[in-house]
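Structure file my_file_21.txt (compact mmCIF, C-alpha atoms and all ligand atoms) follows.
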```txt
# COMPACT_ATOMS: atom_id res chain seq x y z
CA MET A 1004 116.63 109.92 113.49
CA SER A 1005 115.87 113.62 112.99
CA ASP A 1006 112.37 115.08 112.69
CA ASP A 1007 109.59 113.39 110.79
CA SER A 1008 109.04 115.97 108.07
CA LEU A 1009 109.20 115.04 104.42
CA TRP A 1010 112.37 113.26 103.28
CA ASP A 1011 113.72 114.04 99.83
CA VAL A 1012 114.57 110.37 99.47
CA VAL A 1013 114.09 107.27 101.56
CA ILE A 1014 116.37 104.38 100.63
CA ILE A 1015 115.17 100.90 101.52
CA GLY A 1016 118.12 98.64 102.30
CA GLY A 1017 121.47 99.52 103.84
CA GLY A 1018 123.69 97.29 101.68
CA PRO A 1019 126.31 98.52 99.18
CA ALA A 1020 123.66 99.76 96.70
CA GLY A 1021 121.66 101.63 99.35
CA LEU A 1022 124.74 103.19 100.94
CA ALA A 1023 126.15 104.25 97.56
CA ALA A 1024 122.80 105.86 96.74
CA ALA A 1025 122.80 107.57 100.14
CA LEU A 1026 126.26 109.01 99.54
CA SER A 1027 125.30 110.47 96.16
CA ALA A 1028 121.94 111.80 97.31
CA ALA A 1029 123.24 113.33 100.54
CA ARG A 1030 126.20 114.87 98.75
CA ASP A 1031 123.69 116.53 96.43
CA ARG A 1032 122.19 117.93 99.65
CA TYR A 1033 119.01 115.91 99.53
CA ARG A 1034 117.52 115.00 102.89
CA THR A 1035 118.28 111.29 102.86
CA LEU A 1036 117.17 108.42 105.09
CA VAL A 1037 118.36 104.81 104.77
CA LEU A 1038 116.14 102.14 106.33
CA GLU A 1039 117.88 98.86 107.18
CA LYS A 1040 115.94 95.90 108.54
CA ASN A 1041 118.91 94.33 110.33
CA GLY A 1042 120.58 95.64 113.46
CA LEU A 1043 123.75 96.15 111.46
CA PRO A 1044 123.57 97.72 108.00
CA GLY A 1045 125.87 96.40 105.27
CA GLY A 1046 124.09 93.60 103.43
CA GLN A 1047 125.61 90.45 102.00
CA ILE A 1048 129.16 91.71 101.59
CA MET A 1049 129.45 91.73 105.39
CA LEU A 1050 129.60 87.93 105.12
CA THR A 1051 133.05 87.92 103.57
CA ASP A 1052 136.39 89.13 104.84
CA ARG A 1053 138.09 89.15 101.45
CA VAL A 1054 136.96 91.30 98.57
CA GLU A 1055 139.48 91.55 95.75
CA ASN A 1056 137.39 92.88 92.87
CA TYR A 1057 136.25 96.28 94.04
CA PRO A 1058 137.99 98.73 91.71
CA GLY A 1059 140.68 100.79 93.35
CA ILE A 1060 140.98 98.66 96.47
CA VAL A 1061 143.39 95.75 96.20
CA LYS A 1062 141.93 93.79 99.09
CA ILE A 1063 139.45 94.62 101.84
CA GLY A 1064 137.08 92.87 104.19
CA GLY A 1065 133.34 93.40 103.63
CA PHE A 1066 132.89 94.81 107.13
CA GLU A 1067 135.69 97.37 106.69
CA LEU A 1068 134.37 98.44 103.30
CA ILE A 1069 130.87 98.98 104.69
CA GLU A 1070 132.25 100.95 107.64
CA GLU A 1071 133.86 103.31 105.12
CA GLN A 1072 130.67 103.52 103.03
CA LYS A 1073 128.63 104.38 106.12
CA LYS A 1074 131.16 106.98 107.27
CA GLN A 1075 131.21 108.57 103.82
CA ALA A 1076 127.41 108.70 103.46
CA THR A 1077 126.76 110.04 106.97
CA SER A 1078 129.55 112.64 106.62
CA PHE A 1079 127.34 114.31 104.00
CA GLY A 1080 124.29 114.15 106.24
CA ALA A 1081 122.59 110.87 105.28
CA GLU A 1082 120.81 109.23 108.19
CA ILE A 1083 120.89 105.46 108.61
CA ALA A 1084 118.21 103.79 110.73
CA ALA A 1085 118.77 100.15 111.74
CA ASN A 1086 116.09 97.61 112.75
CA GLN A 1087 113.68 99.33 110.37
CA ALA A 1088 112.17 96.82 107.95
CA CYS A 1089 110.08 98.41 105.26
CA THR A 1090 106.80 96.52 105.17
CA SER A 1091 104.88 98.43 102.52
CA LEU A 1092 105.12 101.23 100.02
CA ALA A 1093 102.28 103.32 98.59
CA ARG A 1094 101.92 106.47 96.52
CA ARG A 1095 99.39 109.11 97.40
CA ASP A 1096 97.43 111.16 94.88
CA ASP A 1097 99.70 114.15 95.52
CA GLY A 1098 102.74 112.00 94.54
CA ILE A 1099 104.15 111.71 98.07
CA LEU A 1100 105.34 108.20 98.91
CA ASP A 1101 104.37 106.51 102.16
CA VAL A 1102 107.03 104.13 103.45
CA GLU A 1103 105.74 101.93 106.24
CA VAL A 1104 108.19 100.26 108.63
CA ASN A 1105 107.87 97.31 110.99
CA GLY A 1106 104.27 96.55 110.09
CA GLY A 1107 102.92 100.03 110.78
CA GLU A 1108 105.11 101.06 113.71
CA LYS A 1109 105.89 104.19 111.71
CA THR A 1110 105.29 105.63 108.22
CA HIS A 1111 107.84 107.94 106.58
CA GLN A 1112 106.90 110.39 103.83
CA ALA A 1113 109.24 110.89 100.90
CA ARG A 1114 109.41 112.70 97.57
CA ALA A 1115 111.29 109.75 96.12
CA VAL A 1116 112.29 106.23 97.13
CA ILE A 1117 115.23 104.04 96.10
CA LEU A 1118 114.58 100.32 96.56
CA ALA A 1119 117.77 98.43 97.48
CA PRO A 1120 116.71 95.41 99.55
CA GLY A 1121 119.05 92.98 97.75
CA SER A 1122 118.65 89.26 97.18
CA ASP A 1123 119.72 86.35 99.36
CA TYR A 1124 121.57 83.33 98.03
CA ARG A 1125 119.48 80.18 98.50
CA ARG A 1126 121.16 77.86 100.96
CA LEU A 1127 121.14 74.10 100.84
CA GLY A 1128 120.28 73.99 104.52
CA VAL A 1129 122.61 71.07 105.27
CA ALA A 1130 124.70 70.57 108.41
CA GLY A 1131 128.03 72.38 108.26
CA GLU A 1132 126.99 74.86 105.55
CA ASP A 1133 126.90 77.99 107.74
CA GLU A 1134 129.95 77.00 109.75
CA MET A 1135 132.02 76.44 106.60
CA ARG A 1136 130.68 79.62 104.97
CA GLN A 1137 132.10 81.50 107.94
CA ALA A 1138 135.38 79.65 107.43
CA THR A 1139 135.21 80.83 103.75
CA ARG A 1140 135.07 77.27 102.44
CA VAL A 1141 131.46 77.51 101.22
CA SER A 1142 130.74 80.10 98.55
CA TYR A 1143 127.74 81.09 96.46
CA CYS A 1144 129.57 83.19 93.86
CA ALA A 1145 132.24 81.94 91.45
CA THR A 1146 133.14 85.41 90.20
CA CYS A 1147 133.70 86.53 93.79
CA ASP A 1148 135.65 83.55 95.10
CA GLY A 1149 136.91 81.45 92.16
CA ALA A 1150 140.36 83.02 92.27
CA PHE A 1151 140.86 81.71 95.82
CA TYR A 1152 140.80 78.12 94.50
CA ARG A 1153 143.73 78.11 92.09
CA ASP A 1154 144.93 74.52 91.61
CA LYS A 1155 142.39 73.20 94.12
CA HIS A 1156 139.56 70.69 93.92
CA VAL A 1157 136.08 72.15 94.48
CA LEU A 1158 132.56 70.75 94.55
CA CYS A 1159 129.82 72.61 92.64
CA VAL A 1160 126.19 71.96 93.57
CA GLY A 1161 123.25 72.72 91.26
CA GLY A 1162 121.76 71.98 87.89
CA GLY A 1163 120.74 75.32 86.39
CA ASN A 1164 122.54 77.68 84.05
CA THR A 1165 124.64 79.30 86.76
CA ALA A 1166 125.79 75.95 88.16
CA VAL A 1167 126.84 74.63 84.75
CA GLU A 1168 128.36 77.88 83.51
CA ASP A 1169 130.30 78.50 86.71
CA THR A 1170 131.57 74.91 86.85
CA ILE A 1171 133.11 75.48 83.41
CA TYR A 1172 134.46 78.85 84.57
CA LEU A 1173 136.08 77.37 87.68
CA ALA A 1174 137.50 74.34 85.87
CA THR A 1175 138.95 76.24 82.93
CA ARG A 1176 140.35 79.24 84.80
CA PHE A 1177 141.39 78.24 88.30
CA CYS A 1178 140.83 74.79 89.67
CA LYS A 1179 142.81 71.59 89.31
CA LYS A 1180 139.56 69.63 89.49
CA VAL A 1181 135.84 70.38 89.74
CA THR A 1182 133.18 67.88 90.74
CA ILE A 1183 129.61 68.93 89.95
CA ILE A 1184 126.58 67.23 91.45
CA HIS A 1185 122.88 67.75 90.78
CA ARG A 1186 119.92 66.08 92.47
CA ARG A 1187 118.31 65.00 89.16
CA LYS A 1188 119.56 62.76 86.38
CA GLU A 1189 119.51 65.65 83.93
CA PHE A 1190 120.63 69.25 84.23
CA ARG A 1191 118.05 72.01 84.11
CA ALA A 1192 120.51 74.28 82.30
CA GLN A 1193 120.15 75.12 78.60
CA GLU A 1194 121.28 72.30 76.32
CA VAL A 1195 124.00 74.42 74.78
CA LEU A 1196 125.60 74.95 78.20
CA VAL A 1197 125.33 71.27 79.08
CA GLU A 1198 127.09 70.39 75.80
CA GLU A 1199 129.77 72.92 76.67
CA LEU A 1200 130.17 71.31 80.10
CA TYR A 1201 130.74 67.83 78.66
CA LYS A 1202 133.13 69.26 76.05
CA ALA A 1203 135.09 71.01 78.83
CA ALA A 1204 135.09 67.74 80.80
CA GLY A 1205 137.00 66.17 77.88
CA GLU A 1206 139.74 68.78 78.20
CA HIS A 1207 139.78 69.52 81.95
CA ASP A 1208 139.34 67.50 85.13
CA ILE A 1209 135.56 67.79 85.61
CA ASP A 1210 133.65 64.99 87.28
CA VAL A 1211 129.87 65.06 86.67
CA LYS A 1212 127.87 63.06 89.23
CA LEU A 1213 124.08 62.68 88.78
CA PRO A 1214 121.78 62.32 90.67
CA TYR A 1215 123.55 63.32 93.87
CA VAL A 1216 122.79 65.59 96.82
CA VAL A 1217 124.92 66.98 99.64
CA GLU A 1218 124.30 65.23 102.96
CA GLU A 1219 126.74 67.17 105.11
CA ILE A 1220 129.68 69.55 104.88
CA VAL A 1221 132.16 68.29 107.45
CA ALA A 1222 134.75 70.46 109.22
CA ASN A 1223 138.16 69.34 110.42
CA ALA A 1224 138.74 68.49 114.08
CA ASP A 1225 139.29 72.08 115.28
CA LYS A 1226 136.40 73.35 113.09
CA THR A 1227 138.59 75.86 111.28
CA ASP A 1228 138.64 74.30 107.82
CA LEU A 1229 136.76 71.99 105.54
CA ASP A 1230 137.64 68.33 105.84
CA HIS A 1231 135.29 66.62 103.42
CA VAL A 1232 131.74 66.59 102.04
CA LEU A 1233 129.32 63.69 102.30
CA ILE A 1234 127.34 63.27 99.09
CA LYS A 1235 124.55 60.79 98.49
CA ASN A 1236 123.53 59.01 95.31
CA VAL A 1237 119.80 59.65 95.31
CA GLU A 1238 118.95 56.45 93.40
CA ALA A 1239 121.28 54.01 95.13
CA GLY A 1240 120.99 55.70 98.53
CA GLN A 1241 124.71 55.23 99.01
CA VAL A 1242 126.75 57.96 100.77
CA GLU A 1243 130.27 58.83 99.59
CA GLN A 1244 132.97 60.92 101.16
CA LEU A 1245 134.46 63.56 98.86
CA LYS A 1246 137.69 65.36 99.76
CA VAL A 1247 137.51 68.89 98.37
CA ASP A 1248 139.01 72.28 99.22
CA GLY A 1249 135.79 74.26 98.80
CA VAL A 1250 132.10 74.03 97.97
CA PHE A 1251 130.24 76.32 95.55
CA ILE A 1252 126.47 76.28 95.94
CA PHE A 1253 124.47 77.46 92.93
CA VAL A 1254 120.83 76.78 93.74
CA GLY A 1255 119.36 80.21 93.01
CA MET A 1256 118.59 83.48 94.71
CA ASN A 1257 115.63 84.94 96.59
CA PRO A 1258 115.07 88.65 95.94
CA ASN A 1259 113.87 90.42 99.11
CA THR A 1260 110.87 91.94 97.38
CA GLY A 1261 107.85 90.25 98.97
CA PHE A 1262 106.86 93.47 100.76
CA LEU A 1263 106.59 95.27 97.41
CA LYS A 1264 104.04 92.98 95.76
CA GLY A 1265 101.19 95.06 94.40
CA ALA A 1266 103.20 98.28 94.72
CA VAL A 1267 105.76 98.01 91.91
CA THR A 1268 105.99 95.55 89.03
CA ILE A 1269 107.90 92.42 90.01
CA ASP A 1270 108.75 89.63 87.56
CA ASP A 1271 108.00 85.93 88.04
CA ALA A 1272 111.34 85.32 89.70
CA GLY A 1273 110.71 88.12 92.19
CA TYR A 1274 113.05 90.75 90.72
CA ILE A 1275 111.89 94.36 90.44
CA ALA A 1276 111.20 95.40 86.85
CA CYS A 1277 112.86 98.64 85.79
CA ASP A 1278 114.14 100.68 82.92
CA PRO A 1279 117.72 99.37 82.72
CA VAL A 1280 119.16 102.81 81.92
CA THR A 1281 117.36 105.06 84.40
CA LEU A 1282 116.49 102.37 87.02
CA LYS A 1283 112.96 103.79 87.23
CA THR A 1284 110.34 101.30 88.42
CA SER A 1285 106.66 101.17 87.51
CA MET A 1286 105.74 103.51 90.41
CA PRO A 1287 106.50 107.19 89.76
CA GLY A 1288 109.18 108.46 92.13
CA VAL A 1289 110.52 104.99 92.91
CA PHE A 1290 113.94 103.87 91.64
CA VAL A 1291 115.66 100.54 92.18
CA ALA A 1292 119.32 99.61 92.72
CA GLY A 1293 121.42 96.51 93.22
CA ASP A 1294 120.80 92.77 93.40
CA CYS A 1295 117.02 93.05 93.76
CA ARG A 1296 116.49 94.36 90.24
CA GLN A 1297 115.97 92.60 86.94
CA LEU A 1298 119.22 91.96 85.03
CA ALA A 1299 121.44 92.83 87.99
CA ALA A 1300 125.02 91.65 87.66
CA MET A 1301 124.98 90.62 91.36
CA GLN A 1302 128.30 92.20 92.17
CA LEU A 1303 129.45 94.72 94.73
CA ALA A 1304 130.72 97.24 92.18
CA THR A 1305 127.58 97.04 90.04
CA ALA A 1306 125.32 97.37 93.09
CA CYS A 1307 127.19 100.55 94.06
CA ALA A 1308 127.00 101.80 90.47
CA ASP A 1309 123.24 101.25 90.50
CA GLY A 1310 122.96 103.25 93.70
CA VAL A 1311 124.74 106.17 92.05
CA VAL A 1312 122.61 105.99 88.88
CA ALA A 1313 119.38 105.88 90.89
CA ALA A 1314 120.47 108.84 93.03
CA MET A 1315 121.41 110.80 89.92
CA GLY A 1316 117.87 110.29 88.64
CA LEU A 1317 116.44 112.17 91.63
CA LYS A 1318 117.24 115.60 90.24
CA SER A 1319 115.29 115.15 87.01
CA HIS A 1320 112.42 113.58 88.92
CA TYR A 1321 112.15 116.52 91.34
CA ARG A 1322 112.39 118.92 88.39
CA ASP A 1323 109.55 117.19 86.55
CA PRO A 1324 107.60 114.81 88.82
CA ALA A 1325 104.89 114.43 86.18
CA GLY A 1326 107.42 113.32 83.55
CA TRP A 1327 108.16 109.86 84.96
CA GLU A 1328 107.33 108.08 81.72
CA LYS A 1329 109.35 110.44 79.56
CA LYS A 1330 112.84 109.38 78.55
CA ALA A 1331 114.34 112.31 76.72
CA PRO A 1332 117.75 111.88 75.06
CA GLY A 1333 119.17 114.26 77.66
CA ASP A 1334 118.06 111.93 80.45
CA SER A 1335 121.21 109.87 80.61
CA PRO A 1336 123.96 109.73 83.21
CA ALA A 1337 126.59 110.56 80.57
CA GLN A 1338 124.81 113.84 80.04
CA GLY A 1339 124.76 114.60 83.71
CA TRP A 1340 121.37 114.34 85.22
C1 LIG A 1401 129.63 85.61 101.11
C2 LIG A 1401 129.53 86.59 99.98
C3 LIG A 1401 130.68 87.05 99.38
C4 LIG A 1401 130.61 87.95 98.33
N1 LIG A 1401 131.76 88.39 97.78
C5 LIG A 1401 131.74 89.28 96.78
C6 LIG A 1401 132.94 89.75 96.20
O1 LIG A 1401 134.04 89.37 96.61
N2 LIG A 1401 132.83 90.64 95.18
C7 LIG A 1401 131.62 91.07 94.69
O2 LIG A 1401 131.61 91.87 93.75
N3 LIG A 1401 130.47 90.65 95.23
C8 LIG A 1401 130.49 89.77 96.25
N4 LIG A 1401 129.32 89.32 96.80
C9 LIG A 1401 128.05 89.82 96.26
C10 LIG A 1401 127.73 91.21 96.86
O3 LIG A 1401 127.80 91.11 98.26
C11 LIG A 1401 126.34 91.67 96.41
O4 LIG A 1401 126.30 91.72 95.00
C12 LIG A 1401 126.02 93.04 97.00
O5 LIG A 1401 126.07 93.00 98.41
C13 LIG A 1401 124.62 93.50 96.58
O6 LIG A 1401 124.33 94.70 97.22
P1 LIG A 1401 122.83 95.21 97.47
O7 LIG A 1401 122.97 96.46 98.26
O8 LIG A 1401 122.10 95.21 96.20
O9 LIG A 1401 122.14 94.06 98.34
P2 LIG A 1401 122.49 93.46 99.77
O10 LIG A 1401 123.93 93.42 100.01
O11 LIG A 1401 121.73 92.19 99.84
O12 LIG A 1401 121.87 94.51 100.79
C14 LIG A 1401 120.48 94.67 100.92
C15 LIG A 1401 120.18 95.21 102.31
O13 LIG A 1401 118.79 95.50 102.37
C16 LIG A 1401 118.28 95.05 103.62
N5 LIG A 1401 116.85 94.81 103.47
C17 LIG A 1401 116.24 93.77 102.84
N6 LIG A 1401 114.90 93.91 102.89
C18 LIG A 1401 114.66 95.05 103.57
C19 LIG A 1401 113.48 95.73 103.97
N7 LIG A 1401 112.25 95.25 103.69
N8 LIG A 1401 113.58 96.89 104.68
C20 LIG A 1401 114.80 97.40 104.99
N9 LIG A 1401 115.97 96.78 104.65
C21 LIG A 1401 115.89 95.63 103.94
C22 LIG A 1401 119.09 93.80 103.91
O14 LIG A 1401 119.07 93.47 105.29
C23 LIG A 1401 120.47 94.21 103.41
O15 LIG A 1401 121.22 94.84 104.42
C24 LIG A 1401 129.36 88.41 97.85
C25 LIG A 1401 128.19 87.94 98.45
C26 LIG A 1401 128.26 87.05 99.51
C27 LIG A 1401 127.00 86.56 100.16
```
Give the structure from this file in structure tokens form.
Amino acid sequence: MSDDSLWDVVIIGGGPAGLAAALSAARDRYRTLVLEKNGLPGGQIMLTDRVENYPGIVKIGGFELIEEQKKQATSFGAEIAANQACTSLARRDDGILDVEVNGGEKTHQARAVILAPGSDYRRLGVAGEDEMRQATRVSYCATCDGAFYRDKHVLCVGGGNTAVEDTIYLATRFCKKVTIIHRRKEFRAQEVLVEELYKAAGEHDIDVKLPYVVEEIVANADKTDLDHVLIKNVEAGQVEQLKVDGVFIFVGMNPNTGFLKGAVTIDDAGYIACDPVTLKTSMPGVFVAGDCRQLAAMQLATACADGVVAAMGLKSHYRDPAGWEKKAPGDSPAQGW
């Protein structure tokens, strides 16, 4: 890392949103630092080797895509620091932002901050889950991976809106059969979605099993593929073996925003509140981008787009640091801030 003087912008999180923000900011010649808590920047997309919905790239692995993003951002002068977890954020009276890392090991000063710490998919925590995620047979995102299960049988796990909605999506667009299980006797999802699910089950091969939980996700003999899933009827206690080609787990997300409590406004679910057009947060000088923000679309392309929008907001903030609350008609990306 270069000298410790004031950064124009410190970006917290080295995933797709943070790296896209770094590219835009550094290309605008702002002194840019990306802080990444892991040893290897890249975020969630590093967990997959097949991305097919990033515009302009037919197919790419997450790792390769991130390598290109890093190369592009650093070629314009952005600095990326790994093993640097931001642990707190505060604003001084003079408007400078203090970004503390690793519990006080160091504090960076910045004129602006872009928050991009992402969200993690909640895991079931059952045996075989991680192993089969690596083998790309366990997924947490129907939009990302549904197309890989054309004419296949998949198991969906969960009872909320996403679980019900994405079961319908998978069954009506791609899969030969979808089994959905939920640990309670009733879904948590909105009634209208549940009605839609049962209507779809009349027209497509959807098997609804309640109340069931996953006991284990079992690999084949050489551990390269999924063999079957063991599911348990919670009331009867009986375990069944289900032969499926893939497992979709929809049990929620955890935004990585705990370190920001008390600094910026965070909603009850843990997402960072922001103006959805400018991506400004409640703290002057602090923008947000990607999966950690309210109303995020939770996709690679939208995370990158957020990074660009947040970085484009820097210019008007530097021009008028006192005007954080103002949203003039000219303050829109289409009009080139
Ligand atoms: C297995 C898998 C496959 C996917 N496939 C697709 C796909 O095919 N297409 C698609 O559009 N989307 C896909 N997604 C979703 C996509 O990866 C996310 O929408 C995207 O990565 C969000 O980017 P982000 O930068 O907002 O957050 P993240 O990718 O989560 O990155 C956040 C980064 O911030 C770091 N961080 C967190 N807290 C701190 C802190 N306190 N200090 C410093 N750093 C911190 C994290 O370590 C992480 O590197 C997939 C996700 C997964 C898990």
Problem set entry | Given 7 Å and only C-alpha atoms and all ligand atoms, residues near ligand LIG 1401 (chain A) as a ChimeraX atom specification | /A:1015-1021,1038-1041,1044-1048,1050-1051,1053-1057,1087-1090,1119-1124,1142-1144,1147-1148,1259,1262,1292-1295,1301-1304,1306
Problem set entry | Point-to-point distance in Å for atom CA of A:Pro1279 and atom CA of A:Phe1253 | 25.1 Å
For this session: Pick out the residues sitting within 10 Å of stretch 1192-1208 of chain A, and hand them over as a list in words; count all atoms listed in the file, and ignore anything fewer than 5 positions along from it in its own chain.
Result: His1156, Gly1161, Gly1162, Gly1163, Asn1164, Thr1165, Ala1166, Val1167, Glu1168, Asp1169, Thr1170, Ile1171, Tyr1172, Ala1174, Thr1175, Cys1178, Lys1179, Lys1180, Val1181 and Thr1182 of chain A
Hey, could you make a per-residue contact list for stretch 1220-1301 of chain A against stretch 1319-1325 of chain A with 12 Å as the cut-off, showing the nearest pair of atoms and its distance in Å to one decimal, counting all atoms listed in the file, sorted by chain and number, as CSV?
```
residue,atom,partner,partner_atom,distance
A:Thr1281,CA,A:Ser1319,CA,10.6
A:Lys1283,CA,A:His1320,CA,9.9
A:Met1286,CA,A:Pro1324,CA,11.6
A:Pro1287,CA,A:Pro1324,CA,7.8
A:Gly1288,CA,A:His1320,CA,6.9
A:Val1289,CA,A:His1320,CA,9.7
A:Phe1290,CA,A:His1320,CA,10.2
```
Problem set entry | Separation of atom CA of A:Val1129 from atom CA of A:Asn1257 in Å |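 Taking atom CA of A:Asn1257 as the start and atom CA of A:Val1129 as the end point, the length is 17.8 Å.
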Exercise. Which is closest to A:Glu1134 among A:Ile1069, A:Val1291, A:Leu1229, A:Ala1224, if we use only C-alpha atoms?
Worked result: A:Leu1229
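Minimum atom-to-atom distances from A:Val1157, A:Ala1085, A:Met1049, A:Val1013 to A:Glu1067 were compared using only C-alpha atoms, and the lowest value belongs to A:Met1049.
Here atom CA of A:Met1135 is placed at a distance of 12.1 Å from atom CA of A:Asp1225.
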Exercise. Which is closest to A:Gln1137 among A:Asp1228, A:Glu1071, A:Asp1210, A:Glu1108, if we use all atoms listed in the file?
Worked result: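 Comparing A:Asp1228, A:Glu1071, A:Asp1210, A:Glu1108 against A:Gln1137, the winner is A:Asp1228.
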Exercise. Which residue, A:Ile1014, A:Leu1092, A:Gly1149, A:Val1211, has the smallest gap to A:Gly1106 when you use only C-alpha atoms?
Worked result: A:Leu1092
For this session: Find the residues around A:Leu1233 up to 6 Å (all atoms listed in the file counted), leave out those fewer than 4 positions away in its own chain, and share them as a list in words.
Result: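 Answer for this query is Glu1218, Glu1219, Glu1243 and Gln1244 of chain A.
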Could I see stretch 1309-1328 of chain A restored to N, CA and C atoms, set down as a CSV table (one decimal), in the frame of the given file?
```csv
chain,number,residue,atom,x,y,z
A,1309,ASP,N,124.7,101.1,90.6
A,1309,ASP,CA,123.2,101.2,90.5
A,1309,ASP,C,122.8,102.3,91.5
A,1310,GLY,N,123.3,102.3,92.7
A,1310,GLY,CA,123.0,103.2,93.7
A,1310,GLY,C,123.2,104.7,93.2
A,1311,VAL,N,124.4,104.8,92.6
A,1311,VAL,CA,124.7,106.2,92.0
A,1311,VAL,C,123.8,106.6,90.9
A,1312,VAL,N,123.5,105.7,90.0
A,1312,VAL,CA,122.6,106.0,88.9
A,1312,VAL,C,121.2,106.4,89.4
A,1313,ALA,N,120.7,105.6,90.3
A,1313,ALA,CA,119.4,105.9,90.9
A,1313,ALA,C,119.4,107.3,91.6
A,1314,ALA,N,120.4,107.5,92.3
A,1314,ALA,CA,120.5,108.8,93.0
A,1314,ALA,C,120.6,110.0,92.0
A,1315,MET,N,121.3,109.7,90.9
A,1315,MET,CA,121.4,110.8,89.9
A,1315,MET,C,120.1,111.1,89.2
A,1316,GLY,N,119.2,110.1,89.3
A,1316,GLY,CA,117.9,110.3,88.6
A,1316,GLY,C,117.0,111.2,89.5
A,1317,LEU,N,117.3,111.4,90.7
A,1317,LEU,CA,116.4,112.2,91.6
A,1317,LEU,C,116.2,113.6,91.1
A,1318,LYS,N,117.3,114.2,90.7
A,1318,LYS,CA,117.2,115.6,90.2
A,1318,LYS,C,116.2,115.8,89.1
A,1319,SER,N,116.2,114.9,88.1
A,1319,SER,CA,115.3,115.2,87.0
A,1319,SER,C,113.9,114.8,87.5
A,1320,HIS,N,113.8,113.9,88.4
A,1320,HIS,CA,112.4,113.6,88.9
A,1320,HIS,C,111.8,114.8,89.7
A,1321,TYR,N,112.7,115.4,90.6
A,1321,TYR,CA,112.2,116.5,91.3
A,1321,TYR,C,111.8,117.7,90.4
A,1322,ARG,N,112.6,117.8,89.3
A,1322,ARG,CA,112.4,118.9,88.4
A,1322,ARG,C,111.1,118.7,87.7
A,1323,ASP,N,110.7,117.5,87.4
A,1323,ASP,CA,109.6,117.2,86.6
A,1323,ASP,C,108.9,115.9,87.1
A,1324,PRO,N,108.2,116.0,88.2
A,1324,PRO,CA,107.6,114.8,88.8
A,1324,PRO,C,106.6,114.2,87.9
A,1325,ALA,N,105.9,115.0,87.0
A,1325,ALA,CA,104.9,114.4,86.2
A,1325,ALA,C,105.5,113.7,85.0
A,1326,GLY,N,106.8,113.8,84.8
A,1326,GLY,CA,107.4,113.3,83.6
A,1326,GLY,C,108.1,112.0,83.7
A,1327,TRP,N,107.6,111.2,84.6
A,1327,TRP,CA,108.2,109.9,85.0
A,1327,TRP,C,108.3,109.0,83.7
A,1328,GLU,N,107.3,109.0,82.9
A,1328,GLU,CA,107.3,108.1,81.7
A,1328,GLU,C,108.3,108.6,80.6
```
